[in-house]
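S.K.: Have a peek at query-v5.txt (compact mmCIF, C-alpha atoms).
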```txt
# COMPACT_ATOMS: atom_id res chain seq x y z
CA MET S 988 0.35 -25.28 -0.82
CA ALA S 989 -1.66 -27.12 1.83
CA GLU S 990 -3.27 -24.99 4.51
CA THR S 991 -1.34 -24.74 7.72
CA THR S 992 -2.62 -24.51 11.27
CA ALA S 993 -2.01 -21.64 13.66
CA ASP S 994 -0.02 -23.96 15.97
CA GLN S 995 2.23 -25.07 13.14
CA GLU S 996 2.82 -21.47 12.08
CA ALA S 997 3.55 -20.40 15.66
CA ALA S 998 6.13 -23.21 15.86
CA TRP S 999 7.73 -21.93 12.65
CA ILE S 1000 7.97 -18.42 14.07
CA ARG S 1001 9.69 -19.76 17.19
CA GLN S 1002 12.14 -21.66 14.95
CA VAL S 1003 12.75 -18.52 12.88
CA ALA S 1004 13.58 -16.71 16.12
CA GLU S 1005 16.30 -19.31 16.62
CA GLY S 1006 17.58 -18.70 13.10
CA SER S 1007 15.90 -21.53 11.14
CA ARG S 1008 15.98 -20.76 7.42
CA GLU S 1009 13.75 -23.74 6.65
CA ALA S 1010 11.00 -22.48 8.96
CA PHE S 1011 11.33 -19.01 7.46
CA GLU S 1012 10.87 -20.39 3.95
CA GLN S 1013 7.83 -22.36 5.12
CA ILE S 1014 6.27 -19.13 6.37
CA PHE S 1015 7.17 -17.38 3.14
CA HIS S 1016 5.54 -20.05 0.98
CA ALA S 1017 2.48 -20.29 3.23
CA TYR S 1018 1.86 -16.54 3.19
CA LYS S 1019 3.18 -15.36 -0.15
CA PRO S 1020 -0.02 -15.71 -2.21
CA ARG S 1021 -2.49 -14.33 0.32
CA LEU S 1022 -0.25 -11.52 1.53
CA PHE S 1023 0.57 -10.45 -2.00
CA ARG S 1024 -3.10 -10.44 -2.97
CA TYR S 1025 -4.02 -8.43 0.09
CA LEU S 1026 -1.30 -5.87 -0.60
CA PHE S 1027 -2.22 -5.73 -4.25
CA ARG S 1028 -5.89 -5.17 -3.40
CA LEU S 1029 -4.92 -2.26 -1.17
CA THR S 1030 -2.34 -0.64 -3.42
CA ALA S 1031 -3.48 -1.73 -6.91
CA ASP S 1032 0.21 -1.69 -7.79
CA PRO S 1033 2.00 -5.01 -8.42
CA ALA S 1034 5.51 -3.56 -8.07
CA ALA S 1035 4.68 -1.82 -4.79
CA SER S 1036 2.93 -4.97 -3.53
CA GLU S 1037 6.02 -7.04 -4.21
CA GLU S 1038 8.25 -4.53 -2.45
CA LEU S 1039 5.86 -4.45 0.51
CA LEU S 1040 5.67 -8.25 0.60
CA SER S 1041 9.44 -8.34 0.73
CA ASP S 1042 9.40 -5.78 3.58
CA VAL S 1043 6.84 -7.82 5.52
CA ILE S 1044 8.76 -11.08 5.17
CA VAL S 1045 12.01 -9.40 6.20
CA ALA S 1046 10.16 -7.90 9.19
CA VAL S 1047 9.02 -11.42 10.15
CA TRP S 1048 12.64 -12.60 10.06
CA LYS S 1049 13.79 -9.66 12.15
CA GLY S 1050 10.81 -9.62 14.52
CA ALA S 1051 10.31 -13.34 15.15
CA LYS S 1052 12.05 -12.98 18.52
CA THR S 1053 9.47 -10.43 19.61
CA TYR S 1054 6.48 -12.64 18.75
CA ARG S 1055 4.92 -13.65 22.07
CA GLY S 1056 2.15 -15.87 20.75
CA GLU S 1057 -0.63 -13.66 22.13
CA ALA S 1058 -2.05 -13.09 18.65
CA LYS S 1059 -2.49 -15.76 16.01
CA PRO S 1060 0.46 -15.84 13.57
CA SER S 1061 -1.81 -14.77 10.71
CA THR S 1062 -3.07 -11.79 12.72
CA TRP S 1063 0.49 -10.79 13.61
CA ILE S 1064 1.76 -11.09 10.03
CA PHE S 1065 -1.23 -9.31 8.49
CA GLY S 1066 -0.86 -6.58 11.11
CA ILE S 1067 2.67 -5.95 9.85
CA ALA S 1068 1.49 -6.04 6.23
CA HIS S 1069 -1.42 -3.70 6.81
CA HIS S 1070 0.65 -1.08 8.58
CA LYS S 1071 3.38 -1.16 5.97
CA ALA S 1072 0.78 -0.74 3.23
CA ILE S 1073 -0.88 2.14 5.07
CA ASN S 1074 2.46 3.89 5.53
CA LEU S 1075 3.17 3.64 1.83
CA LEU S 1076 -0.32 4.77 0.82
CA ARG S 1077 -0.25 7.63 3.28
CA LYS S 1078 2.72 9.00 1.34
CA ARG S 1079 1.23 8.31 -2.07
CA ARG S 1080 -2.48 8.90 -1.67
CA PRO S 1081 -3.17 10.42 1.74
CA GLU S 1082 -6.73 11.28 0.79
CA MET S 1083 -7.56 7.57 0.42
CA VAL S 1084 -6.03 6.68 3.77
CA GLU S 1085 -7.43 9.50 5.82
CA LEU S 1086 -10.99 9.17 4.51
CA GLU S 1087 -12.94 7.98 7.50
CA ASP S 1088 -16.32 6.58 8.41
CA ASN S 1089 -18.07 9.91 8.68
CA ASP S 1090 -16.57 11.14 5.42
CA LEU S 1091 -19.08 9.74 3.03
CA GLN S 1092 -18.76 12.64 0.59
CA GLU S 1093 -21.47 12.67 -1.99
CA LEU S 1094 -21.58 8.93 -2.16
CA GLU S 1095 -24.43 8.33 0.23
CA ASP S 1096 -27.55 7.03 -1.38
CA THR S 1097 -29.11 4.37 0.73
CA GLN S 1098 -32.16 4.23 -1.48
CA GLN S 1099 -30.13 2.55 -4.18
CA ALA S 1100 -29.97 -1.12 -4.93
CA ARG S 1101 -27.64 -3.55 -3.21
CA PRO S 1102 -24.47 -3.60 -5.32
CA GLU S 1103 -24.02 -7.33 -5.07
CA ASP S 1104 -27.33 -7.86 -6.83
CA LEU S 1105 -25.78 -6.42 -9.93
CA ILE S 1106 -23.28 -9.18 -10.50
CA ILE S 1107 -24.78 -10.70 -13.56
CA GLN S 1108 -22.40 -9.59 -16.26
CA LYS S 1109 -18.65 -9.14 -16.58
CA GLU S 1110 -19.15 -5.45 -17.14
CA LEU S 1111 -20.91 -5.08 -13.83
CA LYS S 1112 -18.24 -7.04 -12.03
CA GLU S 1113 -15.69 -4.59 -13.34
CA LYS S 1114 -17.82 -1.76 -12.01
CA ILE S 1115 -17.84 -3.34 -8.57
CA GLU S 1116 -14.08 -3.74 -8.78
CA GLN S 1117 -13.78 -0.05 -9.61
CA ALA S 1118 -16.21 0.82 -6.83
CA LEU S 1119 -14.12 -1.14 -4.33
CA LEU S 1120 -11.05 0.79 -5.43
CA ARG S 1121 -12.84 4.03 -4.66
CA LEU S 1122 -13.37 3.05 -1.04
CA SER S 1123 -10.95 4.38 1.54
CA VAL S 1124 -8.13 1.99 2.35
CA SER S 1125 -9.45 1.20 5.82
CA HIS S 1126 -12.88 0.31 4.43
CA ARG S 1127 -11.42 -1.80 1.64
CA ALA S 1128 -9.16 -3.56 4.12
CA VAL S 1129 -12.15 -4.66 6.20
CA ILE S 1130 -13.97 -5.96 3.12
CA GLU S 1131 -10.90 -7.86 1.87
CA MET S 1132 -10.04 -9.32 5.24
CA THR S 1133 -13.59 -10.53 5.76
CA PHE S 1134 -14.57 -11.81 2.35
CA TYR S 1135 -11.27 -13.11 1.01
CA GLN S 1136 -8.89 -13.61 3.90
CA GLY S 1137 -11.57 -15.08 6.16
CA PHE S 1138 -10.66 -13.23 9.35
CA SER S 1139 -13.12 -12.85 12.20
CA CYS S 1140 -14.26 -9.42 13.32
CA GLN S 1141 -12.06 -9.72 16.43
CA GLU S 1142 -9.00 -10.68 14.37
CA ILE S 1143 -9.53 -7.76 12.01
CA ALA S 1144 -9.70 -5.45 15.01
CA GLU S 1145 -6.35 -6.83 16.20
CA ILE S 1146 -4.76 -6.43 12.77
CA LEU S 1147 -5.97 -2.86 12.39
CA GLY S 1148 -5.37 -2.01 16.02
CA CYS S 1149 -8.89 -0.70 16.59
CA PRO S 1150 -11.99 -1.74 18.56
CA VAL S 1151 -14.34 -4.42 17.21
CA SER S 1152 -17.09 -1.81 17.03
CA THR S 1153 -14.94 0.22 14.60
CA VAL S 1154 -14.55 -2.80 12.35
CA LYS S 1155 -18.32 -3.25 12.26
CA THR S 1156 -18.85 0.43 11.56
CA ARG S 1157 -16.31 0.37 8.74
CA MET S 1158 -18.00 -2.65 7.21
CA PHE S 1159 -21.36 -0.90 7.43
CA TYR S 1160 -20.09 2.26 5.78
CA ALA S 1161 -18.09 0.36 3.18
CA ARG S 1162 -21.25 -1.37 2.01
CA ARG S 1163 -23.18 1.87 2.12
CA GLN S 1164 -20.53 3.59 0.03
CA LEU S 1165 -20.53 0.78 -2.49
CA GLN S 1166 -24.27 1.25 -2.83
CA GLY S 1167 -23.76 4.96 -3.30
CA ILE S 1168 -21.02 4.60 -5.90
CA LEU S 1169 -22.84 1.99 -7.94
CA GLY S 1170 -26.07 3.88 -7.57
CA LYS S 1171 -24.44 6.95 -9.06
CA TRP S 1172 -23.51 4.90 -12.10
CA GLY S 1173 -27.18 4.24 -12.61
CA GLU S 1174 -27.26 0.52 -12.10
CA GLY S 1175 -30.48 -1.12 -11.03
CA THR S 1176 -31.19 -4.26 -9.09
CA PRO S 1177 -32.22 -7.35 -10.98
CA LYS S 1178 -35.22 -8.97 -9.42
CA GLY S 1179 -34.44 -12.01 -7.36
CA GLY S 1180 -30.79 -11.10 -6.78
CA ILE S 1181 -27.99 -13.25 -8.04
CA ARG S 1182 -28.09 -16.94 -8.38
CA MET U 507 -32.33 -12.21 25.16
CA THR U 508 -32.41 -12.25 21.37
CA MET U 509 -30.45 -9.87 19.23
CA GLU U 510 -31.96 -6.83 17.60
CA HIS U 511 -32.33 -6.84 13.81
CA ARG U 512 -29.68 -4.12 13.40
CA GLU U 513 -27.21 -6.01 15.53
CA VAL U 514 -27.71 -9.17 13.46
CA LEU U 515 -27.27 -7.14 10.30
CA THR U 516 -23.79 -6.03 11.40
CA LEU U 517 -22.78 -9.64 12.06
CA LEU U 518 -23.85 -11.04 8.70
CA PRO U 519 -20.50 -10.56 6.90
CA TRP U 520 -18.87 -12.80 9.52
CA TYR U 521 -21.80 -15.22 9.42
CA ILE U 522 -20.92 -15.60 5.73
CA ASN U 523 -17.23 -16.25 6.40
CA GLU U 524 -18.11 -18.59 9.28
CA THR U 525 -16.08 -16.91 11.99
CA LEU U 526 -18.86 -16.02 14.45
CA THR U 527 -18.76 -17.53 17.93
CA ASP U 528 -21.15 -20.43 18.52
CA LEU U 529 -23.47 -18.18 20.49
CA GLU U 530 -23.54 -15.45 17.83
CA HIS U 531 -24.05 -18.07 15.14
CA GLN U 532 -27.07 -19.48 16.94
CA GLU U 533 -28.54 -16.04 17.47
CA VAL U 534 -28.17 -15.18 13.79
CA GLU U 535 -29.64 -18.50 12.66
CA GLY U 536 -32.61 -17.96 14.96
CA HIS U 537 -33.19 -14.46 13.58
CA LEU U 538 -32.90 -15.59 9.95
CA THR U 539 -35.89 -17.90 10.20
CA ASP U 540 -38.14 -14.88 10.76
CA CYS U 541 -36.35 -12.11 8.83
CA ALA U 542 -36.65 -12.01 5.05
CA ASP U 543 -34.56 -8.81 4.88
CA CYS U 544 -31.57 -10.49 6.49
CA ARG U 545 -31.95 -13.53 4.23
CA ARG U 546 -31.82 -11.23 1.20
CA GLU U 547 -28.82 -9.47 2.70
CA ILE U 548 -27.05 -12.80 2.98
CA GLU U 549 -27.62 -13.50 -0.69
CA SER U 550 -26.17 -10.10 -1.51
CA LEU U 551 -23.16 -10.62 0.71
CA LYS U 552 -22.48 -14.01 -0.83
CA ALA U 553 -22.53 -12.47 -4.28
CA LEU U 554 -20.15 -9.73 -3.13
CA GLN U 555 -17.86 -12.35 -1.63
CA GLN U 556 -17.87 -14.35 -4.85
CA ASN U 557 -16.93 -11.22 -6.77
CA ILE U 558 -14.10 -10.41 -4.39
CA VAL U 559 -12.77 -13.98 -4.53
CA GLU U 560 -12.75 -13.84 -8.33
CA GLN U 561 -10.94 -10.51 -8.30
CA ASN U 562 -8.34 -11.87 -5.91
CA GLU U 563 -7.81 -15.02 -7.96
CA ALA U 564 -7.22 -12.82 -11.02
CA ALA U 565 -4.54 -10.76 -9.25
CA PRO U 566 -0.97 -11.01 -10.61
CA ALA U 567 1.59 -13.17 -8.85
CA PRO U 568 4.83 -11.96 -7.31
CA SER U 569 8.14 -12.67 -9.01
CA PRO U 570 9.36 -16.29 -8.66
CA SER U 571 12.78 -14.96 -7.63
CA LEU U 572 11.36 -13.01 -4.69
CA LEU U 573 12.61 -15.41 -2.03
CA THR U 574 16.16 -15.24 -3.38
CA GLU U 575 15.96 -11.44 -3.36
CA ILE U 576 14.68 -11.49 0.21
CA TRP U 577 17.58 -13.69 1.33
CA GLU U 578 20.03 -11.35 -0.39
CA ARG U 579 18.45 -8.43 1.42
CA ILE U 580 18.57 -10.18 4.80
CA GLU U 581 22.20 -11.19 4.30
CA GLU U 582 23.09 -7.66 3.22
CA ASN U 583 21.40 -6.24 6.33
CA GLU U 584 23.05 -8.71 8.62
CA ALA U 585 26.46 -8.11 7.07
CA ALA U 586 25.97 -4.37 7.55
CA GLN U 587 25.01 -4.94 11.18
CA SER U 588 28.00 -7.12 11.93
CA HIS U 589 30.34 -4.74 10.05
CA PRO U 590 28.79 -1.29 10.49
CA GLU U 591 31.68 0.31 8.64
CA GLN U 592 30.48 -1.47 5.49
CA GLN U 593 27.44 0.40 4.22
CA THR U 594 24.75 -1.35 2.23
CA LEU U 595 24.67 -0.74 -1.48
CA ARG U 596 21.49 1.27 -1.12
CA GLU U 597 23.12 3.53 1.44
CA LYS U 598 26.20 3.93 -0.73
CA MET U 599 24.05 4.91 -3.66
CA GLY U 600 22.53 7.81 -1.69
CA TRP U 601 20.34 10.02 -3.84
CA ILE U 602 21.13 7.98 -6.94
CA GLY U 603 19.51 5.01 -5.23
CA ARG U 604 16.53 7.11 -4.31
CA PHE U 605 16.37 8.45 -7.87
CA HIS U 606 16.46 4.91 -9.20
CA GLU U 607 13.55 3.96 -6.92
CA TRP U 608 11.64 7.02 -8.01
CA LEU U 609 12.30 6.23 -11.68
CA GLY U 610 10.83 2.78 -11.19
CA GLU U 611 7.74 4.27 -9.55
CA PHE U 612 7.49 6.89 -12.28
CA ILE U 613 7.60 4.36 -15.11
CA SER U 614 5.04 2.12 -13.46
CA SER U 615 2.71 5.04 -12.82
CA VAL U 616 2.72 6.41 -16.38
CA ARG U 617 -0.46 5.64 -18.27
CA GLN U 618 -0.27 3.18 -21.12
CA PRO U 619 0.44 3.24 -23.98
CA PHE U 620 3.76 4.86 -23.19
CA PRO U 621 5.71 5.91 -26.32
CA GLN U 622 8.87 3.94 -27.07
CA ALA U 623 10.71 7.21 -27.56
CA ALA U 624 9.93 8.22 -23.99
CA TYR U 625 11.31 4.94 -22.70
CA ALA U 626 14.44 5.54 -24.73
CA ALA U 627 14.75 9.07 -23.37
CA ILE U 628 14.39 7.90 -19.80
CA ALA U 629 16.91 5.13 -20.34
CA ALA U 630 19.35 7.55 -21.99
CA GLU U 631 19.12 10.07 -19.19
CA PHE U 632 19.46 7.40 -16.58
CA ILE U 633 22.56 5.93 -18.23
CA LEU U 634 24.01 9.40 -18.57
CA ILE U 635 23.46 10.22 -14.90
CA VAL U 636 24.88 6.91 -13.72
CA GLY U 637 27.84 7.31 -16.06
CA LEU U 638 28.59 10.82 -14.89
CA VAL U 639 28.27 9.90 -11.26
CA GLY U 640 30.46 6.87 -11.87
CA LEU U 641 33.11 9.12 -13.40
CA LEU U 642 32.93 11.55 -10.50
CA TRP U 643 33.10 8.69 -8.05
CA THR U 644 36.19 7.14 -9.55
CA ALA U 645 37.95 10.35 -10.66
CA PRO U 646 40.86 11.47 -8.51
CA THR U 647 40.40 14.63 -6.53
CA ARG U 648 41.29 17.59 -8.67
CA LEU U 649 44.57 19.26 -7.69
CA THR U 650 44.42 22.98 -7.18
CA THR U 651 47.24 25.44 -6.96
CA LEU U 652 47.36 28.72 -5.18
CA SER U 653 47.49 30.54 -8.50
CA GLY U 654 44.67 28.53 -10.04
CA PRO U 655 40.96 29.35 -9.81
CA ALA U 656 39.33 28.73 -6.49
CA PRO U 657 37.20 25.57 -6.45
CA GLN U 658 33.49 26.29 -6.85
CA ILE U 659 31.53 25.47 -3.74
CA GLU U 660 27.76 25.50 -3.71
CA THR U 661 26.72 28.10 -1.21
CA GLN U 662 23.01 27.33 -1.34
CA ALA U 663 21.33 23.97 -0.84
CA ARG U 664 19.62 22.54 -3.90
CA LEU U 665 16.75 20.12 -4.31
CA THR U 666 15.65 18.06 -7.27
CA ILE U 667 11.91 18.29 -7.77
CA ALA U 668 9.38 16.82 -10.18
CA PHE U 669 6.04 18.59 -10.21
CA HIS U 670 2.78 16.76 -10.72
CA PRO U 671 1.69 17.15 -14.35
CA GLU U 672 -1.68 18.50 -13.25
CA ALA U 673 -0.26 21.01 -10.77
CA THR U 674 -1.15 24.61 -11.62
CA GLU U 675 1.34 27.43 -11.84
CA LEU U 676 -0.21 29.02 -8.77
CA GLN U 677 0.17 25.82 -6.75
CA ILE U 678 3.82 25.57 -7.81
CA ARG U 679 4.46 29.21 -6.90
CA ASN U 680 2.83 28.75 -3.50
CA ILE U 681 4.79 25.65 -2.69
CA LEU U 682 8.08 27.25 -3.70
CA LYS U 683 7.17 30.14 -1.42
CA LYS U 684 6.62 27.72 1.45
CA ILE U 685 10.14 26.31 1.14
CA ASP U 686 11.65 29.67 0.17
CA GLY U 687 13.05 28.16 -3.01
CA VAL U 688 13.76 29.34 -6.53
CA ILE U 689 13.91 27.26 -9.70
CA VAL U 690 17.45 27.50 -11.04
CA GLY U 691 17.49 24.68 -13.57
CA GLY U 692 15.38 22.27 -15.59
CA PRO U 693 13.19 20.77 -16.67
CA SER U 694 15.14 17.72 -17.77
CA VAL U 695 13.72 15.07 -20.09
CA LEU U 696 12.15 13.55 -16.99
CA GLY U 697 10.67 16.87 -15.95
CA LEU U 698 13.11 17.33 -13.06
CA TYR U 699 13.83 20.84 -11.82
CA GLN U 700 16.69 22.13 -9.71
CA VAL U 701 15.44 24.34 -6.89
CA GLU U 702 17.80 26.45 -4.83
CA LEU U 703 17.02 27.11 -1.18
CA LYS U 704 18.21 30.20 0.62
CA ILE U 705 20.16 28.17 3.13
CA PRO U 706 23.61 26.58 2.97
CA PRO U 707 23.79 22.85 2.14
CA GLN U 708 25.40 22.16 5.51
CA GLN U 709 22.05 22.78 7.21
CA THR U 710 21.01 19.22 6.46
CA VAL U 711 18.27 19.05 9.07
CA GLU U 712 16.56 22.11 7.66
CA VAL U 713 16.97 20.85 4.09
CA GLU U 714 15.43 17.50 5.02
CA LYS U 715 12.62 19.37 6.75
CA ARG U 716 11.79 21.20 3.54
CA VAL U 717 11.86 17.98 1.53
CA LYS U 718 9.45 16.51 4.05
CA LEU U 719 7.22 19.56 3.70
CA LEU U 720 7.17 19.17 -0.09
CA LYS U 721 6.14 15.55 0.23
CA GLN U 722 3.04 16.62 2.09
CA TYR U 723 1.71 17.97 -1.20
CA PRO U 724 1.54 14.93 -3.52
CA GLU U 725 -0.97 16.76 -5.72
CA VAL U 726 1.78 19.26 -6.60
CA ILE U 727 5.04 17.41 -5.95
CA ARG U 728 5.66 14.09 -7.58
CA PHE U 729 9.22 13.76 -6.37
CA ALA U 730 11.48 15.73 -4.11
CA GLY U 731 15.01 14.81 -3.11
CA ILE U 732 18.35 16.31 -2.19
```
Output the file's structure in the form of structure tokens.
M.R.:
Amino acid sequence: MAETTADQEAAWIRQVAEGSREAFEQIFHAYKPRLFRYLFRLTADPAASEELLSDVIVAVWKGAKTYRGEAKPSTWIFGIAHHKAINLLRKRRPEMVELEDNDLQELEDTQQARPEDLIIQKELKEKIEQALLRLSVSHRAVIEMTFYQGFSCQEIAEILGCPVSTVKTRMFYARRQLQGILGKWGEGTPKGGIR
Amino acid sequence: MTMEHREVLTLLPWYINETLTDLEHQEVEGHLTDCADCRREIESLKALQQNIVEQNEAAPAPSPSLLTEIWERIEENEAAQSHPEQQTLREKMGWIGRFHEWLGEFISSVRQPFPQAAYAAIAAEFILIVGLVGLLWTAPTRLTTLSGPAPQIETQARLTIAFHPEATELQIRNILKKIDGVIVGGPSVLGLYQVELKIPPQQTVEVEKRVKLLKQYPEVIRFAGI
């Protein structure tokens, strides 16, 4: 599906508010892949991600009338998705949701290599995937929204409902934790990084 | 005034995804010409991004029938709103619906490989429960006479609980103490226990409160319902 602009999406939301099924389906098709991936990356559960995606899309249908256009449509929709995912995870794995920036556990080891430098083999990529899954949900959310969803720091702050400084701090600690986790697995840094 | 090294460092993830403001972008570019550390950091971040993109692209896709299901759900909700006397199917199903949802979660959470026999057992129990409930639902109310036995009424509220497989006996004892409950039945094939509370079933608020309390201990309680 071709990329859509924020203006086009905002127009769809206004049409949905007036009951347009066509506009609603446009939003669904535009957001389905990226929303599902985001939810899957947070929950690691395809069935739960699909249920959440369904909840988010239904919430868009129901809430279109309340959309005031102050936030970008993508920020508004991802805000709904993030909070629904957090609510689910809080019930299932509260320890992963409540883990916060100062709760680095035993993972701190800033002397270790940069984790990204290790991406030279499939095996190492899998380790990074596992390491990402061990991050708290709020840290993983910041990483996903930056590196895959392409949101700005300000937009992420709006989605999460926190200050920009918190987003930066979470990114900092997320990277530090990744270093710690991968360091514990005894991986070294290849000279010259990854090309 | 130029940015400090540390400040630039915090902006690099968004330099990579090209969402910095023009001013921030210029500041970072200016700093990069003199800072080898930040240039290395950028290489690392790009590699991390590449890895995350690949992981996302490898993620499964949602069901192709999802949109149809969503429309059905919306129509069901809207019908329920316009005719509040008509409950949704989920509401009608009550605890059976919740049990069904839990069963789905349970099956998806079990580690693979999952023995065929266990699937069969789950399916059998599920069919049995649905069948029995269906019978109860459709059966006419039993007639009683003054000389016949008095109908049995549950005097204590009961919960259905599944404990986490790794929960210790002590944890289970402690949690039962918290809700003032006693195991009176189970385990079933699915590992479900019947727990009796020392309060009448009419005290629904209190019963719900205890279910809520149980759910605060996911390391001990895998499922709790009325």
S.K.: Hey, list the chain S side of the contact with chain U: 8 Å cut-off, all atoms listed in the file, answer as a PDB file with C-alpha atoms, keeping the file's coordinate frame.
M.R.:
```
ATOM      1  CA  GLU S1012      10.870 -20.390   3.950  1.00  0.00           C
ATOM      2  CA  PHE S1015       7.170 -17.380   3.140  1.00  0.00           C
ATOM      3  CA  PRO S1020      -0.020 -15.710  -2.210  1.00  0.00           C
ATOM      4  CA  PHE S1023       0.570 -10.450  -2.000  1.00  0.00           C
ATOM      5  CA  ARG S1024      -3.100 -10.440  -2.970  1.00  0.00           C
ATOM      6  CA  PHE S1027      -2.220  -5.730  -4.250  1.00  0.00           C
ATOM      7  CA  ARG S1028      -5.890  -5.170  -3.400  1.00  0.00           C
ATOM      8  CA  PRO S1033       2.000  -5.010  -8.420  1.00  0.00           C
ATOM      9  CA  ALA S1034       5.510  -3.560  -8.070  1.00  0.00           C
ATOM     10  CA  GLU S1037       6.020  -7.040  -4.210  1.00  0.00           C
ATOM     11  CA  SER S1041       9.440  -8.340   0.730  1.00  0.00           C
ATOM     12  CA  ILE S1044       8.760 -11.080   5.170  1.00  0.00           C
ATOM     13  CA  VAL S1045      12.010  -9.400   6.200  1.00  0.00           C
ATOM     14  CA  LYS S1078       2.720   9.000   1.340  1.00  0.00           C
ATOM     15  CA  ARG S1079       1.230   8.310  -2.070  1.00  0.00           C
ATOM     16  CA  ARG S1080      -2.480   8.900  -1.670  1.00  0.00           C
ATOM     17  CA  ARG S1101     -27.640  -3.550  -3.210  1.00  0.00           C
ATOM     18  CA  PRO S1102     -24.470  -3.600  -5.320  1.00  0.00           C
ATOM     19  CA  GLU S1103     -24.020  -7.330  -5.070  1.00  0.00           C
ATOM     20  CA  ASP S1104     -27.330  -7.860  -6.830  1.00  0.00           C
ATOM     21  CA  ILE S1106     -23.280  -9.180 -10.500  1.00  0.00           C
ATOM     22  CA  LYS S1112     -18.240  -7.040 -12.030  1.00  0.00           C
ATOM     23  CA  GLU S1116     -14.080  -3.740  -8.780  1.00  0.00           C
ATOM     24  CA  GLU S1131     -10.900  -7.860   1.870  1.00  0.00           C
ATOM     25  CA  THR S1133     -13.590 -10.530   5.760  1.00  0.00           C
ATOM     26  CA  PHE S1134     -14.570 -11.810   2.350  1.00  0.00           C
ATOM     27  CA  TYR S1135     -11.270 -13.110   1.010  1.00  0.00           C
ATOM     28  CA  GLY S1137     -11.570 -15.080   6.160  1.00  0.00           C
ATOM     29  CA  PHE S1138     -10.660 -13.230   9.350  1.00  0.00           C
ATOM     30  CA  SER S1139     -13.120 -12.850  12.200  1.00  0.00           C
ATOM     31  CA  CYS S1140     -14.260  -9.420  13.320  1.00  0.00           C
ATOM     32  CA  LYS S1155     -18.320  -3.250  12.260  1.00  0.00           C
ATOM     33  CA  MET S1158     -18.000  -2.650   7.210  1.00  0.00           C
ATOM     34  CA  PHE S1159     -21.360  -0.900   7.430  1.00  0.00           C
ATOM     35  CA  GLY S1180     -30.790 -11.100  -6.780  1.00  0.00           C
ATOM     36  CA  ILE S1181     -27.990 -13.250  -8.040  1.00  0.00           C
TER      37      ILE S1181
END
```
S.K.: What does the structure give for the distance between CA of Arg1121 (chain S) and CA of Lys718 (chain U), in Å to one decimal?
M.R.: 27.0 Å
S.K.: Can you list, as a tab-separated table (two decimals) with C-alpha atoms, keeping the file's coordinate frame, every protein, DNA or RNA residue that comes within 8 Å of Phe729 (chain U) when you count all atoms listed in the file, leaving out same-chain residues fewer than 4 positions away?
M.R.:
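In the end it all went to out17.tsv:
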```
chain	number	residue	atom	x	y	z
U	608	TRP	CA	11.64	7.02	-8.01
U	666	THR	CA	15.65	18.06	-7.27
U	667	ILE	CA	11.91	18.29	-7.77
U	668	ALA	CA	9.38	16.82	-10.18
U	669	PHE	CA	6.04	18.59	-10.21
U	721	LYS	CA	6.14	15.55	0.23
```
S.K.: How many Å separate CA of Pro706 (chain U) from CA of Ile678 (chain U)?
M.R.: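 Value for the CA of Pro706 (chain U)-CA of Ile678 (chain U) distance: 22.6 Å.
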S.K.: Tell me, in Å to one decimal, how far CA of Gln662 (chain U) is from CA of Pro707 (chain U).
M.R.: 5.7 Å
S.K.: If we count all atoms listed in the file, what is near Thr710 (chain U) at a cut-off of 12 Å, once residues fewer than 6 positions away on the same chain are taken out, given as a PyMOL selection string?
M.R.: chain U and resi 662-665+703+716-717+732
S.K.: Hey, what's within 7 Å of region 1125-1130 of chain S if we count all atoms listed in the file and toss same-chain stuff fewer than 4 positions away? As a VMD selection string, please?
M.R.: chain S and resid 1029 1084 1119 1134 1154 1157 to 1158 1161
S.K.: So, counting only C-alpha atoms, which residue among S:Thr1153, S:Arg1077, S:Ser1061, S:Ser1123 is closest to Leu1022 (chain S)?
M.R.: S:Ser1061
S.K.: If we count only C-alpha atoms and set the cut-off at 12 Å, which residues sit around Phe1065 (chain S), ignoring sequence neighbours fewer than 4 positions away in its own chain? Please answer as a PyMOL selection string.
M.R.: chain S and resi 1018-1019+1021-1026+1039-1040+1043-1044+1046-1047+1058-1061+1069-1073+1128+1131-1132+1136+1138+1142-1148
S.K.: As lines of an AutoDock Vina configuration file, please: the centre and edge lengths in Å, to one decimal, of an axis-aligned box enclosing every listed atom of region 1016-1028 of chain S with 3 Å added on each side.
M.R.:
```
center_x = -0.2
center_y = -12.7
center_z = -0.5
size_x = 17.4
size_y = 21.1
size_z = 13.5
```
S.K.: Using all atoms listed in the file, which residues sit within 10 Å of Gly1006 (chain S) once same-chain residues fewer than 4 positions away are excluded, as number ranges by chain?
M.R.: S: 1000-1002, 1010-1011, 1048-1049, 1051-1052
S.K.: Using only C-alpha atoms, can you tell me which of U:His511, U:Ile705, U:Ala629, U:Arg545 comes closest to Glu533 (chain U)?
M.R.: U:His511
